[in-house]
$ cat final.txt   # compact mmCIF, C-alpha atoms and all ligand atoms
# COMPACT_ATOMS: atom_id res chain seq x y z
CA MET A 1021 -15.84 101.34 286.33
CA ASN A 1022 -13.06 103.62 287.51
CA PRO A 1023 -14.73 107.09 287.53
CA THR A 1024 -11.51 108.76 286.27
CA GLN A 1025 -11.54 106.69 283.07
CA ALA A 1026 -13.44 107.61 279.91
CA PRO A 1027 -16.54 105.47 279.30
CA MET A 1028 -16.29 103.55 276.04
CA PRO A 1029 -19.74 102.38 275.02
CA ALA A 1030 -19.59 99.41 272.66
CA ASP A 1031 -21.91 100.97 270.10
CA GLY A 1032 -21.46 104.74 270.74
CA PRO A 1033 -18.66 107.16 269.94
CA LYS A 1034 -15.48 107.13 272.00
CA THR A 1035 -15.54 109.79 274.70
CA VAL A 1036 -12.81 111.92 276.19
CA LEU A 1037 -12.94 113.07 279.80
CA ILE A 1038 -12.27 116.74 280.50
CA ARG A 1039 -11.54 117.88 284.08
CA ILE A 1040 -11.87 121.61 284.54
CA ARG A 1041 -10.80 123.70 287.48
CA ARG A 1042 -13.83 125.93 287.92
CA GLN A 1043 -13.93 129.25 289.77
CA ASP A 1044 -17.06 131.41 289.84
CA GLY A 1045 -15.17 134.70 290.04
CA PRO A 1046 -12.09 136.46 291.38
CA ASP A 1047 -11.42 135.54 295.03
CA LYS A 1048 -13.95 132.67 294.89
CA PRO A 1049 -12.84 129.16 295.83
CA SER A 1050 -12.00 126.77 293.01
CA ARG A 1051 -13.41 123.27 292.45
CA TRP A 1052 -12.97 120.49 289.90
CA GLU A 1053 -15.71 119.34 287.56
CA GLN A 1054 -15.45 116.52 285.05
CA PHE A 1055 -17.26 116.08 281.76
CA ALA A 1056 -17.45 113.40 279.07
CA VAL A 1057 -17.22 114.63 275.49
CA PRO A 1058 -17.83 112.52 272.35
CA GLN A 1059 -14.44 112.30 270.65
CA ARG A 1060 -14.01 113.21 267.00
CA PRO A 1061 -10.77 112.96 265.02
CA ASN A 1062 -8.64 116.15 265.09
CA MET A 1063 -10.79 117.91 267.69
CA ASN A 1064 -9.04 120.55 269.76
CA VAL A 1065 -9.53 121.44 273.42
CA ILE A 1066 -11.71 124.43 272.49
CA SER A 1067 -14.16 122.21 270.63
CA CYS A 1068 -14.40 120.08 273.80
CA LEU A 1069 -15.19 123.24 275.77
CA GLN A 1070 -17.81 124.23 273.21
CA TYR A 1071 -19.47 120.84 273.59
CA ILE A 1072 -19.41 121.13 277.39
CA ALA A 1073 -20.86 124.66 277.24
CA ALA A 1074 -23.76 123.26 275.21
CA HIS A 1075 -24.15 120.22 277.53
CA PRO A 1076 -23.12 121.44 281.01
CA THR A 1077 -23.72 118.21 282.92
CA THR A 1078 -20.87 116.60 284.84
CA THR A 1079 -19.98 112.90 284.71
CA ALA A 1080 -21.60 112.68 288.16
CA GLY A 1081 -24.89 113.68 286.48
CA LEU A 1082 -25.02 117.16 288.07
CA ALA A 1083 -26.24 120.14 286.03
CA THR A 1084 -23.78 123.03 286.21
CA THR A 1085 -23.03 126.34 284.52
CA PRO A 1086 -21.27 126.43 281.12
CA PRO A 1087 -17.52 126.91 281.63
CA VAL A 1088 -16.02 130.27 280.70
CA TRP A 1089 -12.86 130.66 278.62
CA ASP A 1090 -11.31 133.20 276.29
CA SER A 1091 -10.43 132.78 272.61
CA GLY A 1092 -10.19 134.78 269.43
CA CYS A 1093 -8.34 133.62 266.35
CA LEU A 1094 -8.53 129.83 266.83
CA GLU A 1095 -5.20 129.53 264.99
CA GLU A 1096 -2.53 130.26 267.63
CA VAL A 1097 -2.19 133.91 266.75
CA CYS A 1098 -4.02 135.94 269.41
CA GLY A 1099 -2.87 134.08 272.53
CA ALA A 1100 -6.25 134.61 274.21
CA CYS A 1101 -7.04 130.91 274.69
CA THR A 1102 -3.89 130.17 276.69
CA MET A 1103 -4.48 127.88 279.68
CA VAL A 1104 -2.74 125.09 281.59
CA ILE A 1105 -3.46 121.76 279.89
CA ASN A 1106 -2.32 118.64 281.69
CA GLY A 1107 0.02 120.83 283.74
CA ARG A 1108 1.62 122.62 280.78
CA VAL A 1109 0.78 126.16 279.73
CA ARG A 1110 -0.20 126.37 276.06
CA GLN A 1111 -2.90 127.46 273.63
CA SER A 1112 -6.10 125.44 273.78
CA CYS A 1113 -6.94 126.06 270.11
CA SER A 1114 -3.79 124.25 268.95
CA ALA A 1115 -3.97 121.50 271.60
CA LEU A 1116 -5.36 118.52 269.70
CA VAL A 1117 -7.04 115.85 271.81
CA ASP A 1118 -5.57 113.02 269.68
CA LYS A 1119 -2.05 114.33 270.36
CA LEU A 1120 -2.40 114.85 274.11
CA GLY A 1121 -1.77 111.14 274.64
CA VAL A 1122 -4.46 110.82 277.29
CA ASP A 1123 -5.56 107.27 276.46
CA GLY A 1124 -8.61 107.08 278.73
CA GLU A 1125 -7.20 109.48 281.35
CA PRO A 1126 -8.90 112.86 281.79
CA ILE A 1127 -7.46 115.98 280.19
CA THR A 1128 -7.08 118.62 282.91
CA LEU A 1129 -7.73 122.27 282.16
CA GLU A 1130 -6.72 125.03 284.56
CA PRO A 1131 -6.43 128.80 284.24
CA MET A 1132 -2.99 130.38 283.82
CA ARG A 1133 -1.25 130.62 287.20
CA LYS A 1134 0.32 134.09 287.18
CA PHE A 1135 -2.67 136.24 286.20
CA PRO A 1136 -5.82 136.90 288.27
CA VAL A 1137 -8.68 134.57 287.41
CA VAL A 1138 -11.75 136.35 286.04
CA ARG A 1139 -13.83 133.19 285.90
CA ASP A 1140 -13.04 129.51 285.24
CA LEU A 1141 -10.36 129.45 282.53
CA MET A 1142 -10.45 133.16 281.74
CA VAL A 1143 -7.72 135.32 283.25
CA ASP A 1144 -6.93 139.02 283.29
CA ARG A 1145 -3.66 139.59 281.37
CA HIS A 1146 -3.65 143.34 281.94
CA ARG A 1147 -0.27 143.28 283.67
CA LEU A 1148 1.38 142.05 280.47
CA PHE A 1149 -0.29 144.66 278.28
CA ASP A 1150 0.38 147.44 280.79
CA ASP A 1151 4.07 146.49 280.84
CA LEU A 1152 4.19 146.52 277.03
CA LYS A 1153 2.80 150.06 277.21
CA ARG A 1154 5.34 151.02 279.89
CA ILE A 1155 8.22 150.08 277.60
CA GLN A 1156 6.49 151.69 274.58
CA ALA A 1157 6.57 148.53 272.49
CA TRP A 1158 5.93 150.28 269.20
CA VAL A 1159 7.57 152.28 266.43
CA PRO A 1160 6.72 155.95 267.10
CA ILE A 1161 5.17 157.64 264.07
CA ASP A 1162 3.29 160.88 264.36
CA GLY A 1163 -0.05 160.76 262.54
CA THR A 1164 -1.20 158.79 259.53
CA HIS A 1165 0.03 161.14 256.78
CA ASP A 1166 2.48 159.82 254.20
CA LEU A 1167 5.94 159.77 255.77
CA GLY A 1168 7.59 158.36 252.67
CA PRO A 1169 9.55 155.14 252.61
CA GLY A 1170 10.92 154.13 255.98
CA PRO A 1171 14.60 153.52 256.58
CA ARG A 1172 16.07 150.51 254.84
CA ILE A 1173 16.62 147.51 257.12
CA SER A 1174 19.44 145.16 256.19
CA GLN A 1175 18.74 141.50 255.54
CA LYS A 1176 20.84 140.61 258.58
CA LEU A 1177 18.81 142.84 260.88
CA GLN A 1178 15.54 141.58 259.39
CA GLU A 1179 16.60 138.03 260.14
CA ARG A 1180 17.50 138.97 263.71
CA ARG A 1181 14.24 140.81 264.35
CA TYR A 1182 11.77 138.52 262.57
CA PRO A 1183 11.72 135.73 265.21
CA LEU A 1184 11.02 138.35 267.90
CA SER A 1185 8.11 139.77 265.90
CA ARG A 1186 6.35 136.39 266.11
CA CYS A 1187 5.45 136.94 269.78
CA ILE A 1188 1.68 136.62 270.30
CA SER A 1189 1.70 138.08 273.84
CA CYS A 1190 0.20 134.84 275.12
CA GLY A 1191 2.02 135.00 278.45
CA CYS A 1192 3.21 131.35 278.47
CA CYS A 1193 6.73 132.61 279.23
CA LEU A 1194 5.40 134.55 282.22
CA ASP A 1195 3.38 131.62 283.53
CA ALA A 1196 6.47 129.41 283.51
CA CYS A 1197 8.89 132.02 284.89
CA PRO A 1198 9.93 131.53 288.53
CA GLN A 1199 10.75 135.25 288.80
CA TYR A 1200 7.32 136.46 287.61
CA THR A 1201 5.05 136.55 290.66
CA SER A 1202 2.13 138.60 291.94
CA GLY A 1203 4.44 139.93 294.67
CA ASN A 1204 6.87 141.69 292.35
CA ARG A 1205 7.00 143.90 289.27
CA PHE A 1206 9.22 141.76 287.03
CA VAL A 1207 8.18 142.39 283.43
CA GLY A 1208 9.21 138.95 282.14
CA ALA A 1209 10.62 137.61 278.90
CA ALA A 1210 7.88 138.74 276.48
CA VAL A 1211 8.26 142.40 277.40
CA ILE A 1212 12.07 142.33 277.36
CA THR A 1213 12.03 140.64 273.95
CA GLN A 1214 9.64 143.25 272.54
CA ALA A 1215 11.89 146.00 273.88
CA LEU A 1216 14.73 144.51 271.85
CA LEU A 1217 12.52 144.20 268.75
CA PHE A 1218 11.74 147.92 268.83
CA ASN A 1219 15.15 149.10 270.09
CA ASP A 1220 16.70 147.45 267.03
CA HIS A 1221 14.30 149.13 264.60
CA PRO A 1222 15.86 152.26 263.02
CA THR A 1223 12.79 154.39 263.85
CA GLY A 1224 11.81 152.51 267.01
CA ALA A 1225 15.31 153.27 268.37
CA ALA A 1226 14.12 156.84 269.05
CA LEU A 1227 12.56 155.45 272.26
CA LYS A 1228 15.42 153.10 273.11
CA GLU A 1229 16.71 155.15 276.02
CA GLU A 1230 13.23 155.47 277.54
CA ARG A 1231 12.62 151.73 277.18
CA LEU A 1232 15.93 150.92 278.79
CA ARG A 1233 15.21 153.35 281.63
CA VAL A 1234 12.14 151.27 282.53
CA LEU A 1235 14.06 148.01 282.16
CA MET A 1236 16.91 149.23 284.37
CA ARG A 1237 14.56 149.79 287.32
CA GLU A 1238 13.20 147.29 289.81
CA GLY A 1239 11.33 144.56 287.91
CA GLY A 1240 13.54 145.09 284.88
CA VAL A 1241 16.00 142.95 283.01
CA ALA A 1242 18.36 142.43 285.96
CA ASP A 1243 15.66 140.46 287.79
CA CYS A 1244 15.86 137.55 285.32
CA SER A 1245 17.56 134.50 286.85
CA LYS A 1246 18.14 132.90 283.41
CA ALA A 1247 16.38 129.66 284.27
CA GLY A 1248 15.25 129.42 280.66
CA ASN A 1249 11.69 128.16 281.28
CA CYS A 1250 10.49 130.99 279.05
CA VAL A 1251 12.20 129.40 276.06
CA GLU A 1252 10.86 125.92 276.72
CA VAL A 1253 7.18 126.92 276.82
CA CYS A 1254 7.15 129.55 274.07
CA PRO A 1255 4.83 128.35 271.28
CA LYS A 1256 6.67 130.52 268.75
CA GLU A 1257 10.19 129.34 269.68
CA ILE A 1258 11.32 132.87 270.41
CA PRO A 1259 14.95 133.05 271.56
CA ASN A 1260 14.05 134.79 274.81
CA LEU A 1261 17.34 134.07 276.58
CA GLU A 1262 19.33 135.65 273.75
CA SER A 1263 17.01 138.66 273.77
CA ILE A 1264 17.40 139.07 277.51
CA ALA A 1265 21.21 138.92 277.20
CA ALA A 1266 21.10 141.50 274.37
CA VAL A 1267 18.93 143.89 276.39
CA GLN A 1268 21.23 143.44 279.39
CA ARG A 1269 24.13 144.53 277.17
CA GLN A 1270 22.13 147.52 275.93
CA ALA A 1271 21.29 148.42 279.54
CA THR A 1272 24.98 148.24 280.53
CA VAL A 1273 25.99 150.55 277.68
CA GLN A 1274 23.18 152.93 278.63
CA ALA A 1275 24.29 152.93 282.28
CA ILE A 1276 27.85 153.87 281.21
CA LYS A 1277 26.49 156.65 278.99
CA ASN A 1278 24.32 157.93 281.84
CA PHE A 1279 27.39 157.98 284.13
CA PHE A 1280 29.36 160.26 281.79
CA VAL A 1281 26.47 162.50 280.79
CA ARG A 1282 25.40 163.32 284.35
S1 LIG B 1301 15.18 133.13 281.83
FE1 LIG B 1301 13.98 132.35 283.58
S2 LIG B 1301 13.83 134.10 285.00
FE2 LIG B 1301 14.46 134.92 282.99
S3 LIG B 1301 12.53 135.49 282.02
FE3 LIG B 1301 13.02 133.38 281.34
S4 LIG B 1301 11.94 132.03 282.78
FE4 LIG B 1301 12.00 134.09 283.69
S1 LIG B 1302 7.66 135.24 274.12
FE1 LIG B 1302 6.60 133.37 273.48
S2 LIG B 1302 5.62 132.62 275.35
FE2 LIG B 1302 6.15 134.75 275.71
S3 LIG B 1302 4.34 135.91 275.19
FE3 LIG B 1302 5.63 135.84 273.35
S4 LIG B 1302 4.91 134.06 272.21
FE4 LIG B 1302 4.09 133.87 274.27
S1 LIG B 1303 -7.73 131.44 270.03
FE1 LIG B 1303 -6.10 132.76 269.41
S2 LIG B 1303 -4.33 131.67 270.05
FE2 LIG B 1303 -5.96 130.29 270.46
$ encode --input "final.txt" --output "structure tokens"
Amino acid sequence: MNPTQAPMPADGPKTVLIRIRRQDGPDKPSRWEQFAVPQRPNMNVISCLQYIAAHPTTTAGLATTPPVWDSGCLEEVCGACTMVINGRVRQSCSALVDKLGVDGEPITLEPMRKFPVVRDLMVDRHRLFDDLKRIQAWVPIDGTHDLGPGPRISQKLQERRYPLSRCISCGCCLDACPQYTSGNRFVGAAVITQALLFNDHPTGAALKEERLRVLMREGGVADCSKAGNCVEVCPKEIPNLESIAAVQRQATVQAIKNFFVR
């Protein structure tokens, strides 16, 4: 039998092959290991990983360590389970085996490519969260006392902001972005989009100038080459290109203001 094809015992359950790029820690070499998992209808990639963790024996019959991955919500909300599945970055909790169209071929799982690997499929996404802090991606309110009703937000503005609020900080857009590399400081689409979300909020606008100051430096919005990969891979269909164009316009207006107020 071809070792890359899933065994299909006549009387047993159908199996799916899972090939995982394993790495024992940061700066350790990577290797591939393959596992056979009994296939059930509607199973997702995480349930395959759970089976492998409980039965860590490769298809070559070698005992190995349980693979490590990250997850939280299991419903495509937290972004923690993001990995590269059959070459495409996406969430493993919403990747259903039946829909991956593998048909006897192995499903390949690899860690995200732009963040440092912690172990196996788990990566360190600190850079993304640090950049969100740098641009102050929040509405500034002082304390938890009752501030009364917030400013009214028009229906039109709500409709413009809502799609941006759906970002789950998964980092798919960064993984697919040719400009986002370990050798530069580009913040990427997710951070630029969140800057727009909070710049356009009546209270969040108090920090607009500070956010734009960060995004007008090296690694800011001008470093985007508008390839659009960030839109294609976004699981929440966030209009990243439009957000980037809007923040570029805000940055231009801010630069003109800065020129006259010097
Ligand atoms: S448009 Fe291209 S360069 Fe700009 S953030 Fe998206 S993927 Fe990166
Ligand atoms: S913009 Fe989309 S791809 Fe990027 S972090 Fe947010 S949800 Fe993920
Ligand atoms: S576990 Fe939260 S997005 Fe998959």
$ closest_residue --input "final.txt" --among "A:Asp1118, A:Glu1262, A:Asp1144, A:Glu1230" --to "Met1103 (chain A)" --atoms "all atoms listed in the file"
A:Asp1144
$ residues_near_ligand --input "final.txt" --ligand "ligand LIG 1303 (chain B)" --cutoff "8 Å" --atoms "only C-alpha atoms and all ligand atoms" --output "CSV table (one decimal) with C-alpha atoms, keeping the file's coordinate frame"
chain,number,residue,atom,x,y,z
A,1090,ASP,CA,-11.3,133.2,276.3
A,1091,SER,CA,-10.4,132.8,272.6
A,1092,GLY,CA,-10.2,134.8,269.4
A,1093,CYS,CA,-8.3,133.6,266.4
A,1094,LEU,CA,-8.5,129.8,266.8
A,1095,GLU,CA,-5.2,129.5,265.0
A,1096,GLU,CA,-2.5,130.3,267.6
A,1097,VAL,CA,-2.2,133.9,266.8
A,1098,CYS,CA,-4.0,135.9,269.4
A,1099,GLY,CA,-2.9,134.1,272.5
A,1100,ALA,CA,-6.2,134.6,274.2
A,1101,CYS,CA,-7.0,130.9,274.7
A,1102,THR,CA,-3.9,130.2,276.7
A,1111,GLN,CA,-2.9,127.5,273.6
A,1112,SER,CA,-6.1,125.4,273.8
A,1113,CYS,CA,-6.9,126.1,270.1
A,1114,SER,CA,-3.8,124.2,269.0
A,1188,ILE,CA,1.7,136.6,270.3
A,1190,CYS,CA,0.2,134.8,275.1
$ atom_distance --input "final.txt" --atom1 "CA of Lys1153 (chain A)" --atom2 "CA of Pro1198 (chain A)"
22.9 Å
$ residues_near_point --input "final.txt" --point "(1.3, 133.2, 288.5)" --cutoff "7 Å" --atoms "only C-alpha atoms" --output "PyMOL selection string"
chain A and resi 1132-1135+1195+1200-1202
$ residues_near_ligand --input "final.txt" --ligand "ligand LIG 1302 (chain B)" --cutoff "8 Å" --atoms "only C-alpha atoms and all ligand atoms" --output "mmCIF file with C-alpha atoms, in the coordinates of the input"
data_model
loop_
_atom_site.group_PDB
_atom_site.id
_atom_site.type_symbol
_atom_site.label_atom_id
_atom_site.label_comp_id
_atom_site.auth_asym_id
_atom_site.auth_seq_id
_atom_site.Cartn_x
_atom_site.Cartn_y
_atom_site.Cartn_z
ATOM 1 C CA GLY A 1099 -2.870 134.080 272.530
ATOM 2 C CA LEU A 1184 11.020 138.350 267.900
ATOM 3 C CA ARG A 1186 6.350 136.390 266.110
ATOM 4 C CA CYS A 1187 5.450 136.940 269.780
ATOM 5 C CA ILE A 1188 1.680 136.620 270.300
ATOM 6 C CA SER A 1189 1.700 138.080 273.840
ATOM 7 C CA CYS A 1190 0.200 134.840 275.120
ATOM 8 C CA GLY A 1191 2.020 135.000 278.450
ATOM 9 C CA CYS A 1192 3.210 131.350 278.470
ATOM 10 C CA CYS A 1193 6.730 132.610 279.230
ATOM 11 C CA LEU A 1194 5.400 134.550 282.220
ATOM 12 C CA ALA A 1209 10.620 137.610 278.900
ATOM 13 C CA ALA A 1210 7.880 138.740 276.480
ATOM 14 C CA VAL A 1211 8.260 142.400 277.400
ATOM 15 C CA THR A 1213 12.030 140.640 273.950
ATOM 16 C CA CYS A 1250 10.490 130.990 279.050
ATOM 17 C CA VAL A 1251 12.200 129.400 276.060
ATOM 18 C CA VAL A 1253 7.180 126.920 276.820
ATOM 19 C CA CYS A 1254 7.150 129.550 274.070
ATOM 20 C CA PRO A 1255 4.830 128.350 271.280
ATOM 21 C CA LYS A 1256 6.670 130.520 268.750
ATOM 22 C CA GLU A 1257 10.190 129.340 269.680
ATOM 23 C CA ILE A 1258 11.320 132.870 270.410
ATOM 24 C CA ASN A 1260 14.050 134.790 274.810
#
$ residues_near_ligand --input "final.txt" --ligand "ligand LIG 1301 (chain B)" --cutoff "6 Å" --atoms "all atoms listed in the file" --output "list in words"
Cys1197, Pro1198, Gln1199, Gly1208, Ala1209, Cys1244, Ser1245, Lys1246, Ala1247, Gly1248, Asn1249, Cys1250 and Leu1261 of chain A
$ atom_distance --input "final.txt" --atom1 "CA of Pro1058 (chain A)" --atom2 "CA of Tyr1071 (chain A)"
8.6 Å
$ closest_residue --input "final.txt" --among "A:Ile1105, A:Ile1040, A:Leu1177, A:Leu1116" --to "Pro1087 (chain A)" --atoms "only C-alpha atoms"
A:Ile1040
$ decode --input "final.txt" --residues "region 1082-1104 of chain A" --atoms "N, CA, C and O atoms" --output "PDB file, in the first residue's frame"
ATOM      1  N   LEU A1082       5.902   4.018  15.426  1.00  0.00           N
ATOM      2  CA  LEU A1082       6.820   4.567  16.443  1.00  0.00           C
ATOM      3  C   LEU A1082       6.044   5.351  17.502  1.00  0.00           C
ATOM      4  O   LEU A1082       5.200   6.186  17.164  1.00  0.00           O
ATOM      5  N   ALA A1083       6.355   5.085  18.767  1.00  0.00           N
ATOM      6  CA  ALA A1083       5.747   5.865  19.852  1.00  0.00           C
ATOM      7  C   ALA A1083       6.397   7.241  19.879  1.00  0.00           C
ATOM      8  O   ALA A1083       7.614   7.360  19.710  1.00  0.00           O
ATOM      9  N   THR A1084       5.589   8.283  20.051  1.00  0.00           N
ATOM     10  CA  THR A1084       6.131   9.639  20.073  1.00  0.00           C
ATOM     11  C   THR A1084       5.421  10.433  21.172  1.00  0.00           C
ATOM     12  O   THR A1084       4.611   9.890  21.911  1.00  0.00           O
ATOM     13  N   THR A1085       5.757  11.712  21.257  1.00  0.00           N
ATOM     14  CA  THR A1085       5.114  12.561  22.273  1.00  0.00           C
ATOM     15  C   THR A1085       3.782  13.096  21.722  1.00  0.00           C
ATOM     16  O   THR A1085       3.637  13.266  20.513  1.00  0.00           O
ATOM     17  N   PRO A1086       2.812  13.394  22.592  1.00  0.00           N
ATOM     18  CA  PRO A1086       1.564  13.989  22.095  1.00  0.00           C
ATOM     19  C   PRO A1086       1.855  15.357  21.470  1.00  0.00           C
ATOM     20  O   PRO A1086       2.641  16.124  22.023  1.00  0.00           O
ATOM     21  N   PRO A1087       1.262  15.658  20.316  1.00  0.00           N
ATOM     22  CA  PRO A1087       1.506  16.970  19.711  1.00  0.00           C
ATOM     23  C   PRO A1087       0.907  18.098  20.552  1.00  0.00           C
ATOM     24  O   PRO A1087      -0.080  17.896  21.249  1.00  0.00           O
ATOM     25  N   VAL A1088       1.540  19.254  20.446  1.00  0.00           N
ATOM     26  CA  VAL A1088       1.098  20.424  21.219  1.00  0.00           C
ATOM     27  C   VAL A1088       0.447  21.428  20.264  1.00  0.00           C
ATOM     28  O   VAL A1088       0.968  21.684  19.186  1.00  0.00           O
ATOM     29  N   TRP A1089      -0.707  21.954  20.665  1.00  0.00           N
ATOM     30  CA  TRP A1089      -1.364  23.012  19.903  1.00  0.00           C
ATOM     31  C   TRP A1089      -2.097  23.915  20.885  1.00  0.00           C
ATOM     32  O   TRP A1089      -2.191  23.607  22.067  1.00  0.00           O
ATOM     33  N   ASP A1090      -2.618  25.008  20.374  1.00  0.00           N
ATOM     34  CA  ASP A1090      -3.307  25.977  21.224  1.00  0.00           C
ATOM     35  C   ASP A1090      -4.775  26.003  20.808  1.00  0.00           C
ATOM     36  O   ASP A1090      -5.095  25.819  19.624  1.00  0.00           O
ATOM     37  N   SER A1091      -5.667  26.226  21.724  1.00  0.00           N
ATOM     38  CA  SER A1091      -7.079  26.427  21.378  1.00  0.00           C
ATOM     39  C   SER A1091      -7.792  27.003  22.589  1.00  0.00           C
ATOM     40  O   SER A1091      -7.269  26.968  23.700  1.00  0.00           O
ATOM     41  N   GLY A1092      -8.975  27.536  22.349  1.00  0.00           N
ATOM     42  CA  GLY A1092      -9.728  28.115  23.456  1.00  0.00           C
ATOM     43  C   GLY A1092     -11.205  27.884  23.268  1.00  0.00           C
ATOM     44  O   GLY A1092     -11.789  26.987  23.849  1.00  0.00           O
ATOM     45  N   CYS A1093     -11.811  28.676  22.386  1.00  0.00           N
ATOM     46  CA  CYS A1093     -13.270  28.716  22.287  1.00  0.00           C
ATOM     47  C   CYS A1093     -13.869  27.531  21.542  1.00  0.00           C
ATOM     48  O   CYS A1093     -15.008  27.162  21.775  1.00  0.00           O
ATOM     49  N   LEU A1094     -13.129  26.967  20.619  1.00  0.00           N
ATOM     50  CA  LEU A1094     -13.615  25.897  19.727  1.00  0.00           C
ATOM     51  C   LEU A1094     -14.796  26.340  18.863  1.00  0.00           C
ATOM     52  O   LEU A1094     -15.585  25.509  18.412  1.00  0.00           O
ATOM     53  N   GLU A1095     -14.946  27.646  18.646  1.00  0.00           N
ATOM     54  CA  GLU A1095     -16.033  28.109  17.762  1.00  0.00           C
ATOM     55  C   GLU A1095     -15.604  29.345  16.960  1.00  0.00           C
ATOM     56  O   GLU A1095     -16.396  30.238  16.741  1.00  0.00           O
ATOM     57  N   GLU A1096     -14.353  29.374  16.559  1.00  0.00           N
ATOM     58  CA  GLU A1096     -13.809  30.429  15.691  1.00  0.00           C
ATOM     59  C   GLU A1096     -14.045  31.825  16.250  1.00  0.00           C
ATOM     60  O   GLU A1096     -14.511  32.727  15.553  1.00  0.00           O
ATOM     61  N   VAL A1097     -13.749  31.968  17.535  1.00  0.00           N
ATOM     62  CA  VAL A1097     -13.901  33.269  18.173  1.00  0.00           C
ATOM     63  C   VAL A1097     -12.592  33.762  18.790  1.00  0.00           C
ATOM     64  O   VAL A1097     -12.308  34.956  18.772  1.00  0.00           O
ATOM     65  N   CYS A1098     -11.783  32.852  19.316  1.00  0.00           N
ATOM     66  CA  CYS A1098     -10.577  33.305  20.036  1.00  0.00           C
ATOM     67  C   CYS A1098      -9.348  33.391  19.129  1.00  0.00           C
ATOM     68  O   CYS A1098      -8.406  34.107  19.439  1.00  0.00           O
ATOM     69  N   GLY A1099      -9.334  32.667  18.043  1.00  0.00           N
ATOM     70  CA  GLY A1099      -8.199  32.712  17.120  1.00  0.00           C
ATOM     71  C   GLY A1099      -7.004  31.879  17.553  1.00  0.00           C
ATOM     72  O   GLY A1099      -6.037  31.740  16.806  1.00  0.00           O
ATOM     73  N   ALA A1100      -7.051  31.306  18.758  1.00  0.00           N
ATOM     74  CA  ALA A1100      -5.873  30.624  19.304  1.00  0.00           C
ATOM     75  C   ALA A1100      -5.463  29.391  18.507  1.00  0.00           C
ATOM     76  O   ALA A1100      -4.291  29.023  18.482  1.00  0.00           O
ATOM     77  N   CYS A1101      -6.419  28.728  17.865  1.00  0.00           N
ATOM     78  CA  CYS A1101      -6.110  27.447  17.211  1.00  0.00           C
ATOM     79  C   CYS A1101      -5.623  27.621  15.776  1.00  0.00           C
ATOM     80  O   CYS A1101      -5.545  26.642  15.037  1.00  0.00           O
ATOM     81  N   THR A1102      -5.301  28.841  15.385  1.00  0.00           N
ATOM     82  CA  THR A1102      -4.903  29.100  13.999  1.00  0.00           C
ATOM     83  C   THR A1102      -3.626  28.341  13.655  1.00  0.00           C
ATOM     84  O   THR A1102      -2.667  28.334  14.430  1.00  0.00           O
ATOM     85  N   MET A1103      -3.628  27.683  12.508  1.00  0.00           N
ATOM     86  CA  MET A1103      -2.444  26.963  12.013  1.00  0.00           C
ATOM     87  C   MET A1103      -2.547  26.867  10.491  1.00  0.00           C
ATOM     88  O   MET A1103      -3.533  27.340   9.902  1.00  0.00           O
ATOM     89  N   VAL A1104      -1.543  26.281   9.877  1.00  0.00           N
ATOM     90  CA  VAL A1104      -1.548  26.169   8.415  1.00  0.00           C
ATOM     91  C   VAL A1104      -2.004  24.754   8.063  1.00  0.00           C
ATOM     92  O   VAL A1104      -1.329  23.771   8.374  1.00  0.00           O
TER      93      VAL A1104
END
